[in-house]
Each structure stands twice: as structure tokens, then as C-alpha cells.
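One file, run-v2.cif, is given below (mmCIF, C-alpha atoms).
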data_query
loop_
_atom_site.label_atom_id
_atom_site.label_comp_id
_atom_site.auth_asym_id
_atom_site.auth_seq_id
_atom_site.Cartn_x
_atom_site.Cartn_y
_atom_site.Cartn_z
CA MET A 1 0.00 0.00 0.00
CA LYS A 2 1.25 3.49 -0.90
CA THR A 3 2.36 5.90 1.80
CA PRO A 4 -0.06 8.85 1.99
CA ASN A 5 1.50 12.01 0.59
CA LEU A 6 0.69 15.09 -1.45
CA THR A 7 3.03 14.40 -4.35
CA ARG A 8 1.81 13.79 -7.87
CA LEU A 9 1.01 10.17 -8.55
CA THR A 10 0.72 8.21 -11.77
CA ARG A 11 -2.77 7.39 -13.03
CA ARG A 12 -4.75 4.84 -15.01
CA THR A 13 -6.17 4.75 -18.50
CA ARG A 14 -9.91 4.30 -18.84
CA VAL A 15 -11.06 1.24 -16.99
CA GLY A 16 -14.22 -0.36 -15.68
CA ILE A 17 -15.49 0.11 -12.17
CA ALA A 18 -14.28 -3.36 -11.29
CA CYS A 19 -10.78 -1.92 -11.30
CA ALA A 20 -11.73 0.52 -8.57
CA THR A 21 -12.38 -2.24 -6.09
CA ALA A 22 -9.51 -4.50 -7.06
CA SER A 23 -6.34 -4.77 -5.04
CA THR A 24 -3.32 -2.94 -6.39
CA ALA A 25 -1.76 -6.15 -7.67
CA MET A 26 -4.95 -7.29 -9.34
CA LEU A 27 -5.47 -3.86 -10.87
CA PHE A 28 -2.29 -4.05 -12.90
CA ALA A 29 -3.00 -7.63 -13.83
CA SER A 30 -6.56 -7.11 -15.03
CA CYS A 31 -6.79 -3.53 -16.32
CA SER A 32 -5.44 -1.84 -19.40
CA VAL A 33 -2.60 0.41 -18.22
CA ALA A 34 -0.55 2.59 -20.56
CA PRO A 35 2.11 4.44 -18.52
CA ASN A 36 3.49 6.33 -21.54
CA GLY A 37 1.64 9.62 -21.15
CA PRO A 38 2.15 12.80 -19.20
CA ALA A 39 1.90 11.43 -15.67
CA GLY A 40 5.13 10.72 -13.87
CA PRO A 41 8.66 10.20 -15.22
CA GLY A 42 9.00 9.84 -18.96
CA GLY A 43 5.63 11.36 -19.80
CA SER A 44 5.49 14.42 -21.98
CA HIS A 45 3.00 16.86 -23.43
CA GLY A 46 5.65 18.03 -25.86
CA SER A 47 5.10 21.76 -26.23
CA LEU A 48 2.14 21.80 -23.85
CA GLY A 49 2.12 23.42 -20.42
CA SER A 50 3.03 20.47 -18.22
CA SER A 51 4.38 16.92 -18.32
CA ASN A 52 2.02 15.95 -15.49
CA MET A 53 -1.69 15.71 -16.20
CA SER A 54 -2.59 16.35 -12.57
CA ASP A 55 -1.38 19.93 -13.10
CA TYR A 56 -4.55 20.45 -15.13
CA PHE A 57 -6.82 19.67 -12.19
CA TYR A 58 -7.37 21.39 -8.84
CA HIS A 59 -4.37 21.61 -6.50
CA THR A 60 -3.99 18.52 -4.33
CA ALA A 61 -2.47 20.44 -1.42
CA ALA A 62 -4.88 21.70 1.23
CA GLY A 63 -5.78 25.35 1.72
CA TRP A 64 -6.65 26.57 -1.78
CA THR A 65 -9.97 28.30 -2.50
CA TYR A 66 -11.25 28.70 -6.06
CA THR A 67 -14.10 31.18 -6.60
CA PHE A 68 -16.24 31.05 -9.74
CA LYS A 69 -18.72 33.48 -11.27
CA ASN A 70 -21.86 31.99 -12.87
CA VAL A 71 -23.70 33.76 -15.71
CA GLU A 72 -26.75 32.78 -17.76
CA ASN A 73 -27.75 34.30 -21.12
CA ILE A 74 -31.21 33.93 -22.66
CA TYR A 75 -31.46 34.60 -26.41
CA ASN A 76 -34.04 36.01 -28.81
CA SER A 77 -35.03 34.05 -31.90
CA ASP A 78 -32.69 36.20 -34.04
CA GLY A 79 -29.69 35.21 -31.92
CA SER A 80 -29.40 38.44 -29.95
CA ILE A 81 -29.24 38.32 -26.16
CA SER A 82 -32.59 38.97 -24.51
CA GLN A 83 -31.44 38.79 -20.91
CA THR A 84 -28.23 38.27 -18.95
CA LEU A 85 -28.52 36.94 -15.40
CA THR A 86 -25.73 36.55 -12.86
CA GLY A 87 -26.18 33.88 -10.23
CA ALA A 88 -24.34 33.44 -6.96
CA ASN A 89 -20.63 32.62 -6.95
CA ASP A 90 -19.62 29.09 -6.02
CA THR A 91 -16.39 28.01 -4.34
CA VAL A 92 -14.15 24.95 -4.40
CA ARG A 93 -11.91 24.30 -1.39
CA THR A 94 -9.00 21.85 -1.45
CA LEU A 95 -8.62 19.75 1.70
CA GLY A 96 -5.56 17.75 0.68
CA PHE A 97 -4.93 14.04 1.21
CA ASP A 98 -7.90 12.31 2.81
CA GLN A 99 -7.54 8.52 2.58
CA ILE A 100 -6.24 5.52 0.66
CA GLY A 101 -8.75 4.31 -1.93
CA PRO A 102 -9.88 0.70 -2.40
CA ASN A 103 -7.35 0.33 -5.22
CA GLY A 104 -4.44 1.56 -3.08
CA ASP A 105 -4.23 5.08 -4.53
CA SER A 106 -4.22 8.31 -2.54
CA LEU A 107 -7.54 10.17 -2.57
CA PHE A 108 -7.62 13.97 -2.27
CA ARG A 109 -10.73 15.70 -0.96
CA TYR A 110 -12.57 18.74 -2.34
CA MET A 111 -15.63 20.60 -1.09
CA ILE A 112 -17.83 22.60 -3.47
CA THR A 113 -20.25 25.15 -1.99
CA TYR A 114 -23.05 26.47 -4.20
CA ARG A 115 -26.58 27.86 -4.07
CA VAL A 116 -29.96 26.33 -4.94
CA THR A 117 -33.52 27.52 -4.42
CA SER A 118 -35.18 26.31 -1.24
CA ALA A 119 -37.40 23.93 -3.20
CA TYR A 120 -34.32 21.88 -4.09
CA ALA A 121 -32.61 21.92 -0.71
CA GLY A 122 -31.14 18.53 0.07
CA GLY A 123 -30.90 17.55 -3.58
CA PRO A 124 -34.24 15.83 -4.32
CA TRP A 125 -34.32 13.67 -7.43
CA VAL A 126 -35.76 15.50 -10.44
CA TYR A 127 -36.69 14.41 -13.96
CA ILE A 128 -35.09 15.90 -17.07
CA ASN A 129 -37.40 15.74 -20.08
CA TYR A 130 -36.45 16.54 -23.66
CA LEU A 131 -37.60 16.42 -27.28
CA GLN A 132 -35.51 14.77 -29.95
CA SER A 133 -34.37 16.71 -32.96
CA THR A 134 -36.04 16.17 -36.33
CA LYS A 135 -32.65 16.85 -37.94
CA SER A 136 -34.15 19.59 -40.12
CA ASN A 137 -33.66 23.34 -40.41
CA LYS A 138 -37.07 23.96 -38.86
CA THR A 139 -36.90 22.17 -35.53
CA HIS A 140 -34.27 20.81 -33.23
CA GLY A 141 -34.10 19.06 -29.92
CA ALA A 142 -34.81 20.90 -26.68
CA PHE A 143 -35.20 20.38 -22.95
CA VAL A 144 -38.77 20.71 -21.74
CA ASN A 145 -39.18 23.39 -19.10
CA VAL A 146 -40.02 22.41 -15.53
CA GLY A 147 -43.76 21.89 -15.05
CA ASP A 148 -44.54 21.59 -18.76
CA SER A 149 -45.56 18.50 -20.68
CA VAL A 150 -45.00 18.20 -24.42
CA GLN A 151 -46.24 15.36 -26.58
CA GLY A 152 -43.40 13.01 -27.52
CA MET A 153 -41.03 14.16 -24.82
CA ILE A 154 -38.54 11.65 -23.43
CA THR A 155 -37.40 11.37 -19.82
CA MET A 156 -33.63 11.29 -19.67
CA ASP A 157 -33.34 10.11 -16.08
CA LYS A 158 -33.71 11.28 -12.54
CA LYS A 159 -30.98 13.75 -11.59
CA LYS A 160 -30.00 15.56 -8.43
CA PRO A 161 -29.49 19.33 -8.34
CA ILE A 162 -25.78 19.21 -7.53
CA SER A 163 -22.72 21.36 -8.05
CA THR A 164 -20.96 21.75 -11.39
CA ASP A 165 -17.86 19.99 -10.08
CA THR A 166 -19.46 16.77 -8.87
CA ILE A 167 -20.11 13.84 -11.19
CA LEU A 168 -22.62 15.71 -13.32
CA ALA A 169 -21.59 16.30 -16.94
CA GLY A 170 -23.18 17.10 -20.28
CA ILE A 171 -26.07 19.05 -18.75
CA ALA A 172 -24.32 20.93 -15.94
CA GLY A 173 -25.34 24.33 -17.30
CA LEU A 174 -28.98 23.35 -17.55
CA MET A 175 -28.97 21.99 -14.01
CA ARG A 176 -27.21 24.97 -12.44
CA THR A 177 -29.46 27.58 -14.02
CA ARG A 178 -32.66 25.59 -13.62
CA TYR A 179 -32.31 24.87 -9.90
CA ASP A 180 -30.64 28.05 -8.70
CA ASP A 181 -32.81 30.77 -10.32
CA PHE A 182 -30.34 33.39 -11.50
CA THR A 183 -32.92 36.18 -11.13
CA ASN A 184 -31.82 36.26 -7.47
CA SER A 185 -35.43 36.77 -6.40
CA SER A 186 -36.19 33.39 -4.79
CA SER A 187 -35.62 31.85 -1.39
CA TYR A 188 -32.24 30.09 -1.38
CA VAL A 189 -30.09 27.70 0.60
CA TRP A 190 -26.39 26.90 0.36
CA GLN A 191 -25.21 23.33 -0.09
CA THR A 192 -21.79 21.68 -0.04
CA ASP A 193 -20.87 18.60 -2.05
CA THR A 194 -17.75 16.53 -1.41
CA ILE A 195 -15.74 14.73 -4.09
CA TRP A 196 -12.45 12.85 -4.07
CA TYR A 197 -9.73 12.84 -6.72
CA SER A 198 -7.11 10.23 -7.57
CA GLU A 199 -4.37 9.74 -10.13
CA HIS A 200 -3.18 6.43 -11.50
CA SER A 201 -1.22 5.24 -14.54
CA ASP A 202 -1.79 8.26 -16.72
CA SER A 203 -5.42 9.02 -15.85
CA ALA A 204 -7.28 11.16 -13.32
CA PHE A 205 -10.52 10.13 -11.61
CA LEU A 206 -13.36 11.41 -9.45
CA TRP A 207 -14.77 9.35 -6.59
CA GLU A 208 -17.86 9.73 -4.42
CA HIS A 209 -19.83 7.81 -1.83
CA GLN A 210 -22.63 5.90 -3.49
CA ASN A 211 -26.01 7.08 -2.17
CA GLN A 212 -24.04 9.54 0.02
CA THR A 213 -23.48 6.95 2.77
CA GLY A 214 -22.39 3.94 0.73
CA PRO A 215 -18.83 2.84 -0.06
CA ILE A 216 -16.54 5.26 -1.85
CA VAL A 217 -16.43 4.40 -5.55
CA MET A 218 -14.56 5.58 -8.61
CA GLU A 219 -17.24 7.17 -10.79
CA ARG A 220 -15.73 9.42 -13.46
CA CYS A 221 -12.55 9.69 -15.52
CA ILE A 222 -11.46 13.31 -16.02
CA PHE A 223 -8.34 12.86 -18.14
CA VAL A 224 -6.69 10.02 -20.02
CA ARG A 225 -3.17 10.01 -21.50
CA SER A 226 -1.64 13.03 -23.17
CA PHE A 227 -3.81 15.80 -24.55
CA HIS A 228 -4.05 15.37 -28.32
CA ASN A 229 -6.72 16.96 -30.47
CA ASN A 230 -9.70 14.60 -30.91
CA GLU A 231 -8.48 12.24 -28.18
CA THR A 232 -11.63 10.62 -26.69
CA TRP A 233 -12.25 8.62 -23.51
CA ASP A 234 -15.17 7.40 -21.42
CA TYR A 235 -16.17 9.80 -18.65
CA ASP A 236 -18.63 7.74 -16.60
CA VAL A 237 -16.41 4.71 -16.02
CA ILE A 238 -18.85 3.39 -13.43
CA ASN A 239 -21.18 2.56 -16.33
CA GLU A 240 -18.60 0.52 -18.24
CA PRO A 241 -18.94 -1.24 -20.62
CA ASN A 242 -21.86 1.01 -21.65
CA PRO A 243 -20.91 4.58 -20.70
CA THR A 244 -23.35 7.37 -21.53
CA THR A 245 -20.87 10.26 -21.58
CA THR A 246 -17.49 10.76 -23.24
CA CYS A 247 -14.80 13.46 -23.24
CA THR A 248 -13.05 14.69 -26.38
CA VAL A 249 -10.07 17.03 -26.62
CA ALA A 250 -11.37 19.92 -28.74
CA ASN A 251 -8.13 21.91 -28.43
CA ALA A 252 -5.08 20.51 -26.68
CA ASP A 253 -3.27 23.78 -26.11
CA LEU A 254 -4.71 27.28 -26.28
CA SER A 255 -4.51 30.55 -24.35
CA LYS A 256 -7.54 31.36 -22.21
CA THR A 257 -8.24 34.56 -20.26
CA VAL A 258 -10.69 34.65 -17.35
CA PRO A 259 -11.12 37.27 -14.59
CA ALA A 260 -8.51 35.49 -12.44
CA GLY A 261 -5.85 35.72 -15.15
CA THR A 262 -4.57 34.32 -18.43
CA TRP A 263 -3.35 30.75 -18.85
CA SER A 264 -1.27 30.29 -22.00
CA HIS A 265 -1.52 26.49 -21.81
CA THR A 266 -5.18 25.51 -21.52
CA ALA A 267 -6.90 22.32 -22.66
CA GLU A 268 -10.44 22.58 -24.06
CA ILE A 269 -12.48 19.41 -23.43
CA GLN A 270 -15.89 18.78 -24.98
CA ILE A 271 -18.30 16.70 -22.88
CA LYS A 272 -20.64 14.54 -24.93
CA THR A 273 -23.72 12.80 -23.56
CA GLY A 274 -25.04 10.65 -26.39
CA ALA A 275 -28.77 10.93 -25.69
CA ILE A 276 -28.69 14.69 -26.25
CA GLU A 277 -25.46 15.31 -28.15
CA ASP A 278 -26.75 13.32 -31.12
CA PHE A 279 -29.87 15.45 -31.28
CA ASP A 280 -27.96 18.71 -31.77
CA PHE A 281 -29.40 20.89 -29.06
CA ASN A 282 -26.89 20.79 -26.24
CA ARG A 283 -23.13 21.37 -25.94
CA GLU A 284 -20.72 21.52 -23.01
CA TYR A 285 -17.07 22.58 -22.95
CA LYS A 286 -14.67 22.70 -20.02
CA TYR A 287 -11.30 24.48 -19.94
CA TYR A 288 -8.39 23.33 -17.77
CA GLY A 289 -5.34 25.56 -17.29
CA ALA A 290 -1.91 24.05 -16.68
CA GLY A 291 -0.85 24.70 -13.11
CA VAL A 292 -4.28 25.73 -11.83
CA GLY A 293 -7.04 23.34 -12.99
CA PRO A 294 -10.57 24.24 -14.13
CA ILE A 295 -10.82 27.89 -15.14
CA PHE A 296 -13.86 28.12 -17.43
CA GLN A 297 -16.96 26.24 -18.55
CA TYR A 298 -19.38 27.01 -21.38
CA ASP A 299 -22.70 25.27 -22.03
CA TRP A 300 -25.48 26.08 -24.50
CA TRP A 301 -28.85 24.41 -25.03
CA TYR A 302 -32.42 24.95 -26.22
CA SER A 303 -35.54 24.76 -24.08
CA THR A 304 -39.24 24.65 -24.89
CA SER A 305 -42.62 24.73 -23.20
CA ASP A 306 -44.80 23.64 -26.14
CA GLY A 307 -42.59 21.88 -28.67
CA ASN A 308 -43.07 24.68 -31.20
CA THR A 309 -41.14 27.61 -29.77
CA PHE A 310 -37.49 27.10 -28.82
CA THR A 311 -35.35 29.35 -26.66
CA LYS A 312 -31.57 29.21 -26.67
CA GLN A 313 -29.76 29.65 -23.36
CA ASP A 314 -26.16 29.40 -22.27
CA PHE A 315 -24.15 29.21 -19.08
CA THR A 316 -20.61 30.29 -18.28
CA ARG A 317 -18.61 29.57 -15.15
CA SER A 318 -15.42 31.63 -14.86
CA LEU A 319 -12.63 31.52 -12.30
CA ILE A 320 -12.49 34.95 -10.66
CA SER A 321 -10.04 34.32 -7.81
CA LEU A 322 -7.64 31.74 -6.40
CA THR A 323 -6.35 32.16 -2.87
CA HIS A 324 -4.35 30.10 -0.39
CA ASN A 325 -4.69 30.13 3.38
#
Before we go any further, please render this structure as C-alpha cells.
Amino acid sequence: MKTPNLTRLTRRTRVGIACATASTAMLFASCSVAPNGPAGPGGSHGSLGSSNMSDYFYHTAAGWTYTFKNVENIYNSDGSISQTLTGANDTVRTLGFDQIGPNGDSLFRYMITYRVTSAYAGGPWVYINYLQSTKSNKTHGAFVNVGDSVQGMITMDKKKPISTDTILAGIAGLMRTRYDDFTNSSSYVWQTDTIWYSEHSDSAFLWEHQNQTGPIVMERCIFVRSFHNNETWDYDVINEPNPTTTCTVANADLSKTVPAGTWSHTAEIQIKTGAIEDFDFNREYKYYGAGVGPIFQYDWWYSTSDGNTFTKQDFTRSLISLTHN
């Protein structure tokens, strides 16, 4: 078993959830491991910002606080902005090493504090309904607004109103704006979610407790191997061999400016959830700066109340400060 520490570790390529509960010896015997990427000695991003993929995620040392600004735009039918709403800031706090995971890797703990309306306090399960696209120039897919019922709508699944940085992906913007109410005119509560992060054999993972009180389980794969344009991997590894969401490198190395600063080496990752991505009405992009971690997120989608009129919305989450205590 590894000695707990705050140094960068190697990480694993995409694997099934069975690997998360295997012993360290069994993990290397039964899982596909490719230690030739940016994690650890010998790895390289070439001209990119770091030779260690963990440098693209939140700091593993305790005491860092990331503060993000959340903005929602609502568009007119001609593409002009009808309304811009600014929600409450959310924060991510790094708590450092927390425990050894079931696979023998060090787990680092993070707490994300964010706002929801009082109706969604405690994270009740909610249904996300949508219409499929007709693949024509006249109509496209759209999420059905809360409380409305449209003929032919499909229920995606029950979801919990949770923070952007937990295991949610593909529809994070929809969830944050739908269950916070960016008009700032509702009754609100503040919630805190906890996630854990690990690194192994050239990959980086998110863990959580199943059903909040169950065993800690590897749920999501954030990064795999070196960043190369169009590199794709499974995000929801807990659903292997039938994942619903994938990550694709849209741009391996770009410069990105946010209120907290400019990062000359930033990776742009597109999050694709098949049930909605294929219907051309929802997109999600996340930006990770070398040496700092997540710095920006951009989502856009369409919504409808009747299946005839469609409204475009988008969501941005920008890093506005990074402090250390």
C-alpha cells in the first residue's frame, strides 16, 4: 500500500469500475494500463504546459480556495441576447490528502459550496425531459421546461441538483441555471458537495460515496493520457462497458483569459452525452489551465414549453479568484 502524501502520482487509463475495487496487484493484472503519457517520469506533453496531467486539475495540497462566477444568457429568436442573469458565486476548497482508496491510490478531498432555491434543498431527485431533434432546419431538440408537458417528450433520467464539479456532466449548465434561479429573487439555501480525486497510470478520476453513505467508488474519468486533439475517452467509467458520456479534446493547447488571469496552456475538453449530443441541441465545454485546474466552462442548449417555440440559453462559469490560506 502506498504511503499517503501530497506528491503527484501516476494514473490509469480508462477502466471499468471493477478496477476501482480490485487490489493494487490485481489492478495491474486485469486492467489496461498505458504508462506512456504525461503522468510521472517519462511522460510528456511536448510543447504543452506540463508533463504531469494532474497539473490540469485542482491543486492537491490543502488550503486553496477557487471562486467562480456563474452567468446565464437567454437569447431572442434572431440570436441576440434577450437577458443576462448573474447567479451566486460558487467556491471549491481543497482539503488535501484524505484517505487511501480501495485500489491503493491516494484520494484527495474537495468541497464545493453552491446555491440552490429552497425547493431543491437537500438535492431531491428531479426528472429531465427533452424532445428529440427532427434533424431539419425547422426544428431541433430541446429540454422541456419544468412543469410543462410536451407530446413526444422523453425522460432522460432522474438527476439531483448538484454542483458543477461533482459527477454531473453534459447538462451541468442546464442543471445549475434551472435549480438556482439566477434572477436572485427566490428563497435560497447553500449546499456543499464533497468529491475525491485520484491519479493512476496516466489518468485522473473522481470518486464519491454511493447514495451519500455507501462505499466510496470511482465514478468518473477526467483525463486520459496526453492531450491530443480529438483524443476521446469514457467519462462515466462506473457505467462501463456502456458509458453514456465521453470526453473529447477539442483543443489541446490554447490561451484562455478569465477574470482570475490568463493561462497560456489551456486544454479545451468537450463533454458529450449521447442521448442529447446526437440530437444537436446541447453542448458543453470545459477548460483546464496548466498549473491551476478548471478555469472556465461554457454550455449552451435549447428549451421549450410547447414543442413549437425554442429558446436558446447558455451558461458560463469563470474563475475569478484563487487564494491560499
Query raised in the report: So which residues touch A:Ile216 within 8 Å, counting all atoms listed in the file, skipping near sequence neighbours fewer than 4 positions away, as a VMD selection string?
Result: chain A and resid 101 207 to 210
Report task. Just say which residues the PyMOL selection byres ((chain A and resi 304) around 10) picks in this file, as number ranges by chain. Result -> A: 130-131, 141-146, 148-150, 302-303, 305-312
For the residues selected in the previous step, produce a file with C-alpha atoms as a compact mmCIF listing (two decimals), in the coordinates of the input.
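File out38.txt, as written:
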# COMPACT_ATOMS: atom_id res chain seq x y z
CA TYR A 130 -36.45 16.54 -23.66
CA LEU A 131 -37.60 16.42 -27.28
CA GLY A 141 -34.10 19.06 -29.92
CA ALA A 142 -34.81 20.90 -26.68
CA PHE A 143 -35.20 20.38 -22.95
CA VAL A 144 -38.77 20.71 -21.74
CA ASN A 145 -39.18 23.39 -19.10
CA VAL A 146 -40.02 22.41 -15.53
CA ASP A 148 -44.54 21.59 -18.76
CA SER A 149 -45.56 18.50 -20.68
CA VAL A 150 -45.00 18.20 -24.42
CA TYR A 302 -32.42 24.95 -26.22
CA SER A 303 -35.54 24.76 -24.08
CA SER A 305 -42.62 24.73 -23.20
CA ASP A 306 -44.80 23.64 -26.14
CA GLY A 307 -42.59 21.88 -28.67
CA ASN A 308 -43.07 24.68 -31.20
CA THR A 309 -41.14 27.61 -29.77
CA PHE A 310 -37.49 27.10 -28.82
CA THR A 311 -35.35 29.35 -26.66
CA LYS A 312 -31.57 29.21 -26.67
Query - For A:Asp55, the nearest of the candidates A:Thr113, A:Thr84, A:Ser321, A:Ser203, counting only C-alpha atoms - result: A:Ser203
Hits from the PyMOL selection byres ((chain A and resi 313-319) around 6), listed as a tab-separated table (two decimals) with C-alpha atoms, in the frame of the given file:
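For reference, part_0.tsv as written:
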chain	number	residue	atom	x	y	z
A	67	THR	CA	-14.10	31.18	-6.60
A	68	PHE	CA	-16.24	31.05	-9.74
A	69	LYS	CA	-18.72	33.48	-11.27
A	70	ASN	CA	-21.86	31.99	-12.87
A	71	VAL	CA	-23.70	33.76	-15.71
A	72	GLU	CA	-26.75	32.78	-17.76
A	73	ASN	CA	-27.75	34.30	-21.12
A	74	ILE	CA	-31.21	33.93	-22.66
A	173	GLY	CA	-25.34	24.33	-17.30
A	260	ALA	CA	-8.51	35.49	-12.44
A	295	ILE	CA	-10.82	27.89	-15.14
A	296	PHE	CA	-13.86	28.12	-17.43
A	297	GLN	CA	-16.96	26.24	-18.55
A	298	TYR	CA	-19.38	27.01	-21.38
A	299	ASP	CA	-22.70	25.27	-22.03
A	300	TRP	CA	-25.48	26.08	-24.50
A	301	TRP	CA	-28.85	24.41	-25.03
A	312	LYS	CA	-31.57	29.21	-26.67
A	320	ILE	CA	-12.49	34.95	-10.66
A	321	SER	CA	-10.04	34.32	-7.81
Query raised in the report: Nearest to A:Tyr285: which of A:Thr192, A:Ser201, A:Ser54, A:Thr246 is it, counting all atoms listed in the file?
Result: A:Thr246
I would like the residues chosen by the PyMOL selection byres ((chain A and resi 291) around 12) on the shown file; could you give them as a CSV table (one decimal) with C-alpha atoms, keeping the file's coordinate frame?
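Contents of selection-v2.csv, as written:
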chain,number,residue,atom,x,y,z
A,48,LEU,CA,2.1,21.8,-23.8
A,49,GLY,CA,2.1,23.4,-20.4
A,50,SER,CA,3.0,20.5,-18.2
A,51,SER,CA,4.4,16.9,-18.3
A,52,ASN,CA,2.0,16.0,-15.5
A,53,MET,CA,-1.7,15.7,-16.2
A,54,SER,CA,-2.6,16.4,-12.6
A,55,ASP,CA,-1.4,19.9,-13.1
A,56,TYR,CA,-4.6,20.4,-15.1
A,57,PHE,CA,-6.8,19.7,-12.2
A,58,TYR,CA,-7.4,21.4,-8.8
A,59,HIS,CA,-4.4,21.6,-6.5
A,60,THR,CA,-4.0,18.5,-4.3
A,262,THR,CA,-4.6,34.3,-18.4
A,263,TRP,CA,-3.4,30.8,-18.8
A,264,SER,CA,-1.3,30.3,-22.0
A,265,HIS,CA,-1.5,26.5,-21.8
A,266,THR,CA,-5.2,25.5,-21.5
A,267,ALA,CA,-6.9,22.3,-22.7
A,288,TYR,CA,-8.4,23.3,-17.8
A,289,GLY,CA,-5.3,25.6,-17.3
A,290,ALA,CA,-1.9,24.0,-16.7
A,292,VAL,CA,-4.3,25.7,-11.8
A,293,GLY,CA,-7.0,23.3,-13.0
A,294,PRO,CA,-10.6,24.2,-14.1
A,295,ILE,CA,-10.8,27.9,-15.1
A,322,LEU,CA,-7.6,31.7,-6.4
Requested in this report: Have a look at atom CA of A:Thr164 and atom CA of A:Leu95 and let me know their distance in Å, one decimal.
Outcome: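 That distance, rounded to one decimal, is 18.1 Å.
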